[in-house]
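Take a look at the structure below.
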Amino acid sequence: MNILKAKSITLPNGKTVPVKRSKTPLIIVVLLICCYYSVQITGFNLQVLTKRIGQFWVILVDMVPPNWDYISKLWKPLFDTIKMSLLGSILGAVFALPLAYFASSNMSKNKTVVVATKFILSLLRTLPTLVAALIATFIFGIGTTAGTIAIFIFTIAYIGKLLYEQIENADLKAFEAMQSMGHSTVSAFRYAIIPQILPNYLSNAIFCFEGNVRYAAILGYVGAGGIGLMLNESLGWRNYANVGMILLLLAATVFIIETISEYIRKKLL
Amino acid sequence: MIKFQNVEKKYDNGFIALNNINLTIEQGEFVAVIGLSGAGKSTLLRCVNRMHDISSGSLFVNNVDVSKLKGKQIRKLRRGIGMIFQSFNLVNRISSFKNVLVSFVPDMPLWRKILGVYTKQQKIGALEALDRVNILDKAFIRVDQLSGGQQQRVALARTLAQNPSIILADEPVASLDPITAKQVMTDFQRINKELNMTIVINIHHVDLALEYATRVVGIRSGEIVYDGPATEVTNEILDHIYNGKLEEELKGN
Amino acid sequence: MDIIEKHLLKEPKRTVQNVITAVIVIVFLVWSLTAIDLSNFTSNGLAIAQNILHGIVTPNTELLFTFNKTGVPYLLLETMAIAFLGTIIGTILAIPLAFLSASNIVPKPVAFIIRLFLIFVRTIPAIVYGLMFIRVTGPGPFAGVMTMALVSIGMLSKLFVDIIEDLEVNILESLESIGCTPFEKIRYGIIPQLFAMFISVAIYRFDMNLRDAAILGLVGAGGIGAPLIFAMNAYKWSEVGSILIGLMVLILFVEFLSNKIRNTIVRG
């Protein structure tokens, strides 16, 4: 294939300039091929979609008006969901800190520890939260404990990765100065690195909490407690007015939490 | 040739930016326009290629009455006039080469415009333009990785590729350090001599204006208060143009 | 009182603020602790945990290397296809929405309404979308594609808006001075700025979609989720192990690749 090979242009004044070939056409061709096979594999069919899209609205229409009476039964599960995400996020963020320390190549001097910690963190990150929740329900029984564990695991992995990337990119000048004053590595980390990464760390933790609330709504589906349980129930009974109520409540909650978290994060950064 | 005849420019808010401007610039001149910030230098320049409309009077560029042009004719006028900006105005995420190629776009057939496919002739033209400002080796480097001076040269190459008869430069060296500024001014001077392009340049740095330009136009509150050879500009004249505020103006930059 | 003491008194006192923050955090923590209920946790749980671990380290290799429609490789391929097509459709839908909600392009009220709409799009969980689309397409990966597309819209358009609002507009002035028409200004002034960043965001979302694709299995919208959940509910831990291993390897590989591509795109 000479499509990737460089060619050159000779200017009238005799200079020769090698020209990089644009990769754009190649990328577009690859994308089109991927699209074609994806369509084949998934059975995507635009005609069916346009013809039957009316069916899409049926459930949505049934959700309106939402069943307002149902709300009295929703408060406890809703707070369960918030508790799950809150506890999972706080614990996850706290435990992520030592892990991130060990995973940073500029902090821990033992290479094996660095590689092993990084590997564990990325393994935890690939474990779908839903699967983690399902496994947790087998071990801890059905209920909010399982959900909390799943969120805890996800949070450790997510915050841990962002944190060690930050530590590795942190300015080490103050850290070296502290060490030269006789601080231990950990104590120099505490006084030189933590102040640098703290605002971002807290901001990430809050952002993660926000996402976890949204996600916790799904966890109930596998028996991990919270409002997802009610969602599962109502969907099972095809009581879409109840579903509408749940979604409305959830939207409001997420909106409130997002607003608060955005306010706090702005103050932090 | 650029010819202003009793040109007046009044902004919508009633501010008179240019008042009774009479100015003739012959082909191949190197003119520096100096004056305080807000004196009307930018407005003057932007009237030439109809980035601004004039309110009254008439303005001829190569014997065409600019104020009477419409839509497509304005774009045709602009094809023959290059413009350089203080902030370079390049697309940062693409290479210098592609930035220069953009100057050919308005003359391309529609399908080429949509796909962004250039002819070999155009590619050679773009590279030649880059060569002319001595940054041929940076042709395939992304613009955001170049220094300010190099970026301004890419902008200059983009203008050269358009092969204009006039280049308007609006504070081209204001965001460059003194040494780079001199190099860019030298580029302008060379282009002016080698290609006989008219160059009209707005500039804060009086010393650079006097060193490189052949003719100086001083503007104060929208009126021309000096017009003559750069060699004849005295301190009294500068004082008059800058209303005695030259020191402040220089400090401000 | 000497000058040192005077300055000591001037030290900014944040004690009150710190105490209040600490109290709030502790109250929330204690409150949320009530979510933990270990009464269901029995020795049985430990045994199950052991079984799961054992199953994962001794995966069902037959399932892992079978290349027909029930084998792990095909399921992974199907999951990738769902995530890929879902991301593409999501991107196509998100671009106009992003432009319509960028406050530097459309009037503020329009932007506000579209943003409100996007909040609602984002709040509906994937499961509900899945059920809605199954009515349209029937169960299977097709429904999964559409679900992925809709759940992607929220994040994609939010990130797209940030990019659009960061656009450098002074390039448009110089294109105008060259004599470009509005179409040429968009094609050569705006698209080159947006293109690379949009692609980078889309790749990132593809990565996420691949992780989230397991959810689709809950409602029968195709992908690897359903076999995984069936295997778990049937306590076939070695099958669970082989599916999880396949999924993790795929996700790690795609993540590695996507980081690499995104770095080249953004840094050039």
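Ordered as shown in the structure tokens, chains take letters A, B, and onward, while each chain numbers its residues from 1 and ligands are numbered from 1 in the order shown.
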Taking only C-alpha atoms into account, find every residue of chain C that has an atom no more than 10 Å from chain B, and write it out as a PyMOL selection string.
chain C and resi 168-181+183-185+187-197+265-268
Hey, which bits of chain B sit within 10 Å of chain A, and for each residue what's the closest pair of atoms and how far apart in Å (one decimal), counting only C-alpha atoms, rows by chain and increasing number, as a Markdown table?
```
| residue | atom | partner | partner_atom | distance |
| --- | --- | --- | --- | --- |
| B:Phe97 | CA | A:Val19 | CA | 9.7 |
| B:Lys120 | CA | A:Ile9 | CA | 8.3 |
| B:Gln121 | CA | A:Ile9 | CA | 9.9 |
| B:Lys123 | CA | A:Ile9 | CA | 8.2 |
| B:Ile124 | CA | A:Leu11 | CA | 6.1 |
| B:Gly125 | CA | A:Leu11 | CA | 8.3 |
| B:Leu127 | CA | A:Leu11 | CA | 7.5 |
| B:Glu128 | CA | A:Leu11 | CA | 6.7 |
| B:Asp131 | CA | A:Lys15 | CA | 9.2 |
| B:Leu136 | CA | A:Val17 | CA | 8.2 |
| B:Asp137 | CA | A:Val17 | CA | 8.4 |
| B:Ala139 | CA | A:Val19 | CA | 9.0 |
| B:Phe140 | CA | A:Lys20 | CA | 7.6 |
```
Hey, can you spit out that residue selection with C-alpha atoms as a PDB file, in the first residue's frame?
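Contents of the output file out.pdb:
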```
ATOM      1  CA  PHE B  97       0.410  24.237   5.338  1.00  0.00           C
ATOM      2  CA  LYS B 120      -1.066  20.133  -6.726  1.00  0.00           C
ATOM      3  CA  GLN B 121      -0.646  23.653  -8.102  1.00  0.00           C
ATOM      4  CA  LYS B 123      -0.118  22.953  -2.721  1.00  0.00           C
ATOM      5  CA  ILE B 124       3.009  24.200  -4.463  1.00  0.00           C
ATOM      6  CA  GLY B 125       1.716  27.751  -4.152  1.00  0.00           C
ATOM      7  CA  LEU B 127       4.646  25.886   0.107  1.00  0.00           C
ATOM      8  CA  GLU B 128       6.202  28.686  -1.930  1.00  0.00           C
ATOM      9  CA  ASP B 131       9.242  29.470   1.782  1.00  0.00           C
ATOM     10  CA  LEU B 136       9.129  26.051   4.939  1.00  0.00           C
ATOM     11  CA  ASP B 137      10.517  23.594   7.507  1.00  0.00           C
ATOM     12  CA  ALA B 139       4.958  23.469   6.972  1.00  0.00           C
ATOM     13  CA  PHE B 140       3.533  20.314   8.560  1.00  0.00           C
TER      14      PHE B 140
END
```
Restricting to only C-alpha atoms, whichever of C:Ser242, C:Thr123, C:Thr91, C:Ser258 is closest to chain A is C:Thr123
Within 8 Å of chain C, which residues of chain A come that close, and what is the closest atom pair and distance in Å for each? Count only C-alpha atoms and give it as a tab-separated table.
```
residue	atom	partner	partner_atom	distance
A:Cys35	CA	C:Leu85	CA	6.6
A:Tyr37	CA	C:Ala81	CA	7.7
A:Ser38	CA	C:Ala81	CA	4.5
A:Val39	CA	C:Leu85	CA	7.4
A:Ile41	CA	C:Glu78	CA	6.3
A:Thr42	CA	C:Pro141	CA	4.9
A:Gly43	CA	C:Phe142	CA	5.7
A:Phe44	CA	C:Phe142	CA	5.1
A:Asn45	CA	C:Phe142	CA	7.8
A:Val48	CA	C:Thr137	CA	6.9
A:Leu49	CA	C:Val136	CA	6.8
A:Arg52	CA	C:Val136	CA	5.4
A:Ile53	CA	C:Val136	CA	5.9
A:Gly54	CA	C:Val136	CA	7.7
A:Gln55	CA	C:Val136	CA	5.4
A:Phe56	CA	C:Met132	CA	5.2
A:Trp57	CA	C:Met132	CA	7.5
A:Val58	CA	C:Met132	CA	7.8
A:Ile59	CA	C:Met132	CA	6.3
A:Leu60	CA	C:Met132	CA	7.9
A:Asp80	CA	C:Ala35	CA	6.3
A:Ile82	CA	C:Ser32	CA	7.9
A:Lys83	CA	C:Ser32	CA	4.3
A:Met84	CA	C:Ala35	CA	6.3
A:Leu86	CA	C:Ser32	CA	6.6
A:Leu87	CA	C:Ser32	CA	5.7
A:Ile90	CA	C:Leu29	CA	7.9
A:Ser122	CA	C:Leu252	CA	7.6
A:Leu123	CA	C:Met248	CA	7.1
A:Thr126	CA	C:Met248	CA	5.5
A:Leu127	CA	C:Met248	CA	6.8
A:Pro128	CA	C:Arg211	CA	6.0
A:Leu130	CA	C:Ile215	CA	6.8
A:Val131	CA	C:Ile229	CA	7.9
A:Phe138	CA	C:Gly45	CA	6.7
A:Ile139	CA	C:Gly45	CA	4.1
A:Phe140	CA	C:Phe41	CA	4.7
A:Gly141	CA	C:Asn40	CA	5.1
A:Ile142	CA	C:Asn40	CA	7.6
A:Gly143	CA	C:Asp37	CA	7.8
A:Thr144	CA	C:Ala35	CA	5.8
A:Thr145	CA	C:Ile36	CA	4.9
A:Thr148	CA	C:Ile36	CA	7.7
A:Arg214	CA	C:Thr123	CA	7.3
A:Ala217	CA	C:Pro125	CA	7.6
A:Ile218	CA	C:Pro125	CA	6.8
A:Leu247	CA	C:Ile124	CA	6.5
A:Leu250	CA	C:Thr123	CA	7.2
A:Ala251	CA	C:Thr123	CA	5.5
A:Val254	CA	C:Thr123	CA	7.7
A:Phe255	CA	C:Ile119	CA	8.0
```
Keeping N, CA and C atoms for every residue in the selection just given, could you write it to a file as a compact mmCIF listing (two decimals), in the first residue's frame?
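Ended up saving to again-v6.txt:
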```txt
# COMPACT_ATOMS: atom_id res chain seq x y z
N CYS A 35 -19.05 0.64 10.38
CA CYS A 35 -20.49 0.89 10.42
C CYS A 35 -21.25 -0.23 9.72
N TYR A 37 -20.44 -3.37 9.12
CA TYR A 37 -20.50 -4.64 9.85
C TYR A 37 -21.32 -4.51 11.14
N SER A 38 -21.24 -3.36 11.77
CA SER A 38 -22.05 -3.17 12.98
C SER A 38 -23.53 -3.27 12.65
N VAL A 39 -23.90 -2.67 11.51
CA VAL A 39 -25.30 -2.74 11.10
C VAL A 39 -25.70 -4.19 10.85
N ILE A 41 -24.35 -6.92 12.17
CA ILE A 41 -24.36 -7.71 13.40
C ILE A 41 -25.57 -7.37 14.26
N THR A 42 -25.87 -6.08 14.38
CA THR A 42 -26.94 -5.70 15.31
C THR A 42 -28.32 -5.73 14.66
N GLY A 43 -28.37 -5.91 13.36
CA GLY A 43 -29.67 -5.92 12.69
C GLY A 43 -30.34 -4.57 12.68
N PHE A 44 -29.53 -3.52 12.69
CA PHE A 44 -30.07 -2.16 12.64
C PHE A 44 -30.83 -1.95 11.33
N ASN A 45 -32.00 -1.34 11.43
CA ASN A 45 -32.83 -1.18 10.25
C ASN A 45 -33.58 0.14 10.33
N VAL A 48 -37.51 0.05 9.76
CA VAL A 48 -38.29 -0.37 10.92
C VAL A 48 -38.39 0.79 11.90
N LEU A 49 -37.28 1.46 12.07
CA LEU A 49 -37.23 2.54 13.05
C LEU A 49 -38.22 3.65 12.68
N ARG A 52 -41.99 2.28 12.85
CA ARG A 52 -42.60 1.88 14.12
C ARG A 52 -42.24 2.82 15.28
N ILE A 53 -41.62 3.99 14.96
CA ILE A 53 -41.15 4.86 16.03
C ILE A 53 -42.31 5.31 16.93
N GLY A 54 -43.54 5.26 16.37
CA GLY A 54 -44.72 5.61 17.17
C GLY A 54 -44.80 4.81 18.45
N GLN A 55 -44.41 3.54 18.37
CA GLN A 55 -44.45 2.66 19.55
C GLN A 55 -43.56 3.17 20.67
N PHE A 56 -42.52 3.93 20.27
CA PHE A 56 -41.56 4.43 21.25
C PHE A 56 -42.25 5.32 22.27
N TRP A 57 -43.24 6.09 21.79
CA TRP A 57 -43.86 7.09 22.65
C TRP A 57 -44.90 6.48 23.59
N VAL A 58 -45.32 5.23 23.29
CA VAL A 58 -46.43 4.66 24.06
C VAL A 58 -46.13 4.70 25.56
N ILE A 59 -44.96 4.17 25.94
CA ILE A 59 -44.63 4.13 27.36
C ILE A 59 -44.50 5.54 27.92
N LEU A 60 -43.88 6.39 27.11
CA LEU A 60 -43.68 7.77 27.56
C LEU A 60 -45.02 8.47 27.80
N ASP A 80 -32.60 5.97 50.53
CA ASP A 80 -31.69 4.82 50.51
C ASP A 80 -30.67 4.97 49.38
N ILE A 82 -29.70 7.71 47.91
CA ILE A 82 -28.74 8.79 48.20
C ILE A 82 -27.72 8.31 49.24
N LYS A 83 -28.20 7.60 50.28
CA LYS A 83 -27.29 7.08 51.31
C LYS A 83 -26.25 6.16 50.68
N MET A 84 -26.74 5.24 49.83
CA MET A 84 -25.84 4.30 49.16
C MET A 84 -24.73 5.03 48.42
N LEU A 86 -23.80 8.16 48.72
CA LEU A 86 -23.00 9.01 49.59
C LEU A 86 -21.93 8.19 50.30
N LEU A 87 -22.37 7.10 50.94
CA LEU A 87 -21.43 6.28 51.70
C LEU A 87 -20.38 5.66 50.77
N ILE A 90 -17.96 8.40 49.62
CA ILE A 90 -17.03 8.88 50.65
C ILE A 90 -15.97 7.81 50.94
N SER A 122 -7.07 -0.75 37.40
CA SER A 122 -7.72 -0.82 36.08
C SER A 122 -8.62 -2.05 35.98
N LEU A 123 -8.26 -3.13 36.69
CA LEU A 123 -9.17 -4.28 36.69
C LEU A 123 -10.49 -3.89 37.34
N THR A 126 -12.64 -1.95 35.02
CA THR A 126 -13.31 -2.63 33.92
C THR A 126 -14.50 -3.45 34.41
N LEU A 127 -14.53 -3.77 35.69
CA LEU A 127 -15.64 -4.58 36.20
C LEU A 127 -16.90 -3.74 36.13
N PRO A 128 -17.88 -4.14 35.30
CA PRO A 128 -19.08 -3.33 35.19
C PRO A 128 -19.75 -3.20 36.57
N LEU A 130 -22.69 -2.89 37.42
CA LEU A 130 -23.85 -3.75 37.54
C LEU A 130 -23.45 -5.16 37.99
N VAL A 131 -22.37 -5.66 37.40
CA VAL A 131 -21.91 -7.00 37.74
C VAL A 131 -21.40 -7.01 39.18
N PHE A 138 -25.16 -11.46 45.92
CA PHE A 138 -24.98 -12.87 46.26
C PHE A 138 -24.29 -13.02 47.60
N ILE A 139 -23.33 -12.13 47.86
CA ILE A 139 -22.52 -12.27 49.07
C ILE A 139 -23.19 -11.61 50.27
N PHE A 140 -23.69 -10.38 50.09
CA PHE A 140 -24.21 -9.63 51.22
C PHE A 140 -25.72 -9.67 51.30
N GLY A 141 -26.34 -10.41 50.41
CA GLY A 141 -27.79 -10.47 50.43
C GLY A 141 -28.38 -9.27 49.73
N ILE A 142 -29.69 -9.39 49.39
CA ILE A 142 -30.35 -8.31 48.68
C ILE A 142 -30.51 -7.10 49.60
N GLY A 143 -30.25 -5.92 49.09
CA GLY A 143 -30.41 -4.72 49.91
C GLY A 143 -29.37 -3.67 49.61
N THR A 144 -29.44 -2.60 50.37
CA THR A 144 -28.59 -1.45 50.07
C THR A 144 -27.10 -1.73 50.31
N THR A 145 -26.79 -2.70 51.19
CA THR A 145 -25.37 -2.99 51.42
C THR A 145 -24.68 -3.34 50.10
N THR A 148 -24.11 -0.32 48.01
CA THR A 148 -23.03 0.52 48.54
C THR A 148 -21.67 -0.05 48.15
N ARG A 214 -27.14 8.88 40.03
CA ARG A 214 -27.80 8.50 38.78
C ARG A 214 -27.69 6.98 38.58
N ALA A 217 -29.75 4.40 40.71
CA ALA A 217 -31.13 4.16 40.30
C ALA A 217 -31.25 2.85 39.53
N ILE A 218 -30.18 2.49 38.83
CA ILE A 218 -30.22 1.26 38.04
C ILE A 218 -29.90 0.05 38.92
N LEU A 247 -39.33 8.70 37.84
CA LEU A 247 -38.37 9.42 37.02
C LEU A 247 -38.39 10.92 37.32
N LEU A 250 -36.61 11.47 40.49
CA LEU A 250 -35.19 11.26 40.27
C LEU A 250 -34.58 12.47 39.55
N ALA A 251 -35.30 12.95 38.53
CA ALA A 251 -34.79 14.10 37.78
C ALA A 251 -34.62 15.29 38.71
N VAL A 254 -31.60 14.66 41.04
CA VAL A 254 -30.34 14.82 40.32
C VAL A 254 -30.07 16.29 40.05
N PHE A 255 -31.12 17.01 39.68
CA PHE A 255 -30.96 18.43 39.37
C PHE A 255 -30.47 19.19 40.61
```
Selection near range 11-16 of chain B, 9 Å with only C-alpha atoms, sequence-local residues under 3 positions removed, as a PyMOL selection string:
chain B and resi 8+19+55+221-222
Serialized selection, N, CA and C atoms, as an mmCIF file, in the first residue's frame:
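Result file is again-v4.cif:
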```cif
data_model
loop_
_atom_site.group_PDB
_atom_site.id
_atom_site.type_symbol
_atom_site.label_atom_id
_atom_site.label_comp_id
_atom_site.auth_asym_id
_atom_site.auth_seq_id
_atom_site.Cartn_x
_atom_site.Cartn_y
_atom_site.Cartn_z
ATOM 1 N N GLU B 8 -15.946 59.814 5.437
ATOM 2 C CA GLU B 8 -16.388 59.932 6.822
ATOM 3 C C GLU B 8 -16.954 58.597 7.275
ATOM 4 N N ASN B 19 -13.007 61.315 9.912
ATOM 5 C CA ASN B 19 -13.619 62.568 9.529
ATOM 6 C C ASN B 19 -12.805 63.204 8.410
ATOM 7 N N SER B 55 -19.466 56.061 5.741
ATOM 8 C CA SER B 55 -20.758 56.741 5.833
ATOM 9 C C SER B 55 -20.939 57.729 4.698
ATOM 10 N N SER B 221 -7.864 61.602 16.501
ATOM 11 C CA SER B 221 -9.326 61.751 16.601
ATOM 12 C C SER B 221 -9.993 61.658 15.236
ATOM 13 N N GLY B 222 -9.583 60.695 14.436
ATOM 14 C CA GLY B 222 -10.266 60.435 13.176
ATOM 15 C C GLY B 222 -9.854 61.359 12.046
#
```
Name all residues at most 6 Å from range 170-178 of chain A (count only C-alpha atoms; drop same-chain ones fewer than 4 positions away) and give them as a PyMOL selection string.
chain A and resi 166+183+188+192
Go ahead and dump the residues you just picked, N, CA and C atoms, as an mmCIF file, in the first residue's frame.
```cif
data_model
loop_
_atom_site.group_PDB
_atom_site.id
_atom_site.type_symbol
_atom_site.label_atom_id
_atom_site.label_comp_id
_atom_site.auth_asym_id
_atom_site.auth_seq_id
_atom_site.Cartn_x
_atom_site.Cartn_y
_atom_site.Cartn_z
ATOM 1 N N GLN A 166 -2.804 12.678 38.677
ATOM 2 C CA GLN A 166 -2.500 14.023 39.192
ATOM 3 C C GLN A 166 -1.221 14.038 39.997
ATOM 4 N N HIS A 183 11.919 15.613 56.148
ATOM 5 C CA HIS A 183 10.617 14.941 56.175
ATOM 6 C C HIS A 183 10.741 13.536 55.588
ATOM 7 N N ALA A 188 6.318 14.328 53.555
ATOM 8 C CA ALA A 188 6.508 15.296 52.484
ATOM 9 C C ALA A 188 5.327 15.251 51.522
ATOM 10 N N ALA A 192 3.429 18.584 50.870
ATOM 11 C CA ALA A 192 3.797 19.211 49.596
ATOM 12 C C ALA A 192 2.853 18.817 48.459
#
```
Enumerate, as an mmCIF file with C-alpha atoms, in the first residue's frame, the complete set of residues in range 209-258 of chain C that a backbone-based DSSP assignment places in alpha helix (DSSP H).
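This went into part.cif:
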```cif
data_model
loop_
_atom_site.group_PDB
_atom_site.id
_atom_site.type_symbol
_atom_site.label_atom_id
_atom_site.label_comp_id
_atom_site.auth_asym_id
_atom_site.auth_seq_id
_atom_site.Cartn_x
_atom_site.Cartn_y
_atom_site.Cartn_z
ATOM 1 C CA ASN C 209 -20.624 2.670 26.229
ATOM 2 C CA LEU C 210 -18.654 -0.531 26.054
ATOM 3 C CA ARG C 211 -18.521 -0.630 29.865
ATOM 4 C CA ASP C 212 -22.190 0.202 30.231
ATOM 5 C CA GLY C 225 -25.023 -8.595 29.652
ATOM 6 C CA ALA C 226 -27.793 -11.178 29.340
ATOM 7 C CA PRO C 227 -25.593 -14.308 29.163
ATOM 8 C CA LEU C 228 -23.554 -12.919 32.042
ATOM 9 C CA ILE C 229 -26.576 -12.353 34.251
ATOM 10 C CA PHE C 230 -28.110 -15.727 33.329
ATOM 11 C CA ALA C 231 -24.862 -17.472 34.216
ATOM 12 C CA MET C 232 -24.740 -15.670 37.542
ATOM 13 C CA ASN C 233 -28.325 -16.449 38.441
ATOM 14 C CA TRP C 237 -19.326 -19.329 38.090
ATOM 15 C CA SER C 238 -16.804 -20.690 35.602
ATOM 16 C CA GLU C 239 -19.002 -19.363 32.787
ATOM 17 C CA VAL C 240 -19.234 -16.041 34.604
ATOM 18 C CA GLY C 241 -15.460 -16.154 34.857
ATOM 19 C CA SER C 242 -14.898 -16.667 31.149
ATOM 20 C CA ILE C 243 -17.336 -13.910 30.184
ATOM 21 C CA LEU C 244 -15.840 -11.469 32.697
ATOM 22 C CA ILE C 245 -12.304 -12.224 31.551
ATOM 23 C CA GLY C 246 -13.285 -11.672 27.928
ATOM 24 C CA LEU C 247 -15.036 -8.418 28.785
ATOM 25 C CA MET C 248 -12.178 -7.105 30.915
ATOM 26 C CA VAL C 249 -9.537 -7.877 28.311
ATOM 27 C CA LEU C 250 -11.631 -6.192 25.636
ATOM 28 C CA ILE C 251 -12.276 -3.102 27.771
ATOM 29 C CA LEU C 252 -8.620 -2.750 28.740
ATOM 30 C CA PHE C 253 -7.559 -3.150 25.127
ATOM 31 C CA VAL C 254 -10.078 -0.621 23.841
ATOM 32 C CA GLU C 255 -9.172 1.810 26.613
ATOM 33 C CA PHE C 256 -5.496 1.570 25.737
ATOM 34 C CA LEU C 257 -6.269 2.098 22.063
ATOM 35 C CA SER C 258 -8.690 4.953 22.628
#
```
Asn134 in chain B: which residues within 12 Å, counting only C-alpha atoms, same-chain residues fewer than 4 positions away excluded, as a PDB file with C-alpha atoms, in the first residue's frame?
```pdb
ATOM      1  CA  LEU B 127       4.646  25.886   0.107  1.00  0.00           C
ATOM      2  CA  GLU B 128       6.202  28.686  -1.930  1.00  0.00           C
ATOM      3  CA  ALA B 129       4.450  31.227   0.222  1.00  0.00           C
ATOM      4  CA  LEU B 130       5.787  29.519   3.346  1.00  0.00           C
ATOM      5  CA  LYS B 138       7.477  24.240   9.732  1.00  0.00           C
ATOM      6  CA  ALA B 139       4.958  23.469   6.972  1.00  0.00           C
ATOM      7  CA  GLY B 149       6.627  35.123  15.448  1.00  0.00           C
ATOM      8  CA  GLN B 150       6.318  31.908  13.452  1.00  0.00           C
ATOM      9  CA  GLN B 151       2.526  32.081  13.672  1.00  0.00           C
ATOM     10  CA  GLN B 152       2.546  35.634  12.332  1.00  0.00           C
ATOM     11  CA  ARG B 153       4.701  34.411   9.451  1.00  0.00           C
ATOM     12  CA  VAL B 154       2.203  31.664   8.688  1.00  0.00           C
ATOM     13  CA  LEU B 156       1.750  36.375   6.266  1.00  0.00           C
ATOM     14  CA  ALA B 157       2.264  33.327   4.032  1.00  0.00           C
ATOM     15  CA  GLN B 183      12.099  40.140  11.939  1.00  0.00           C
ATOM     16  CA  VAL B 184       8.450  40.284  10.918  1.00  0.00           C
ATOM     17  CA  THR B 186      11.820  42.910   7.775  1.00  0.00           C
ATOM     18  CA  ASP B 187       9.596  40.315   6.101  1.00  0.00           C
ATOM     19  CA  ARG B 190      11.233  42.482   1.711  1.00  0.00           C
TER      20      ARG B 190
END
```
Have a look at CA of Phe209 in chain A and CA of Phe152 in chain A and let me know their distance in Å, one decimal.
10.4 Å
Could you check how far CA of Asn212 in chain A sits from CA of Asn169 in chain A, in Å to one decimal?
26.8 Å
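Distance-wise, CA of Val206 in chain B and CA of Ala169 in chain B end up 15.2 Å apart.
Counting only C-alpha atoms, the residue from C:Val27, C:Gly130, C:Ile153, C:Ile261 that sits nearest to Leu235 in chain A is C:Gly130.
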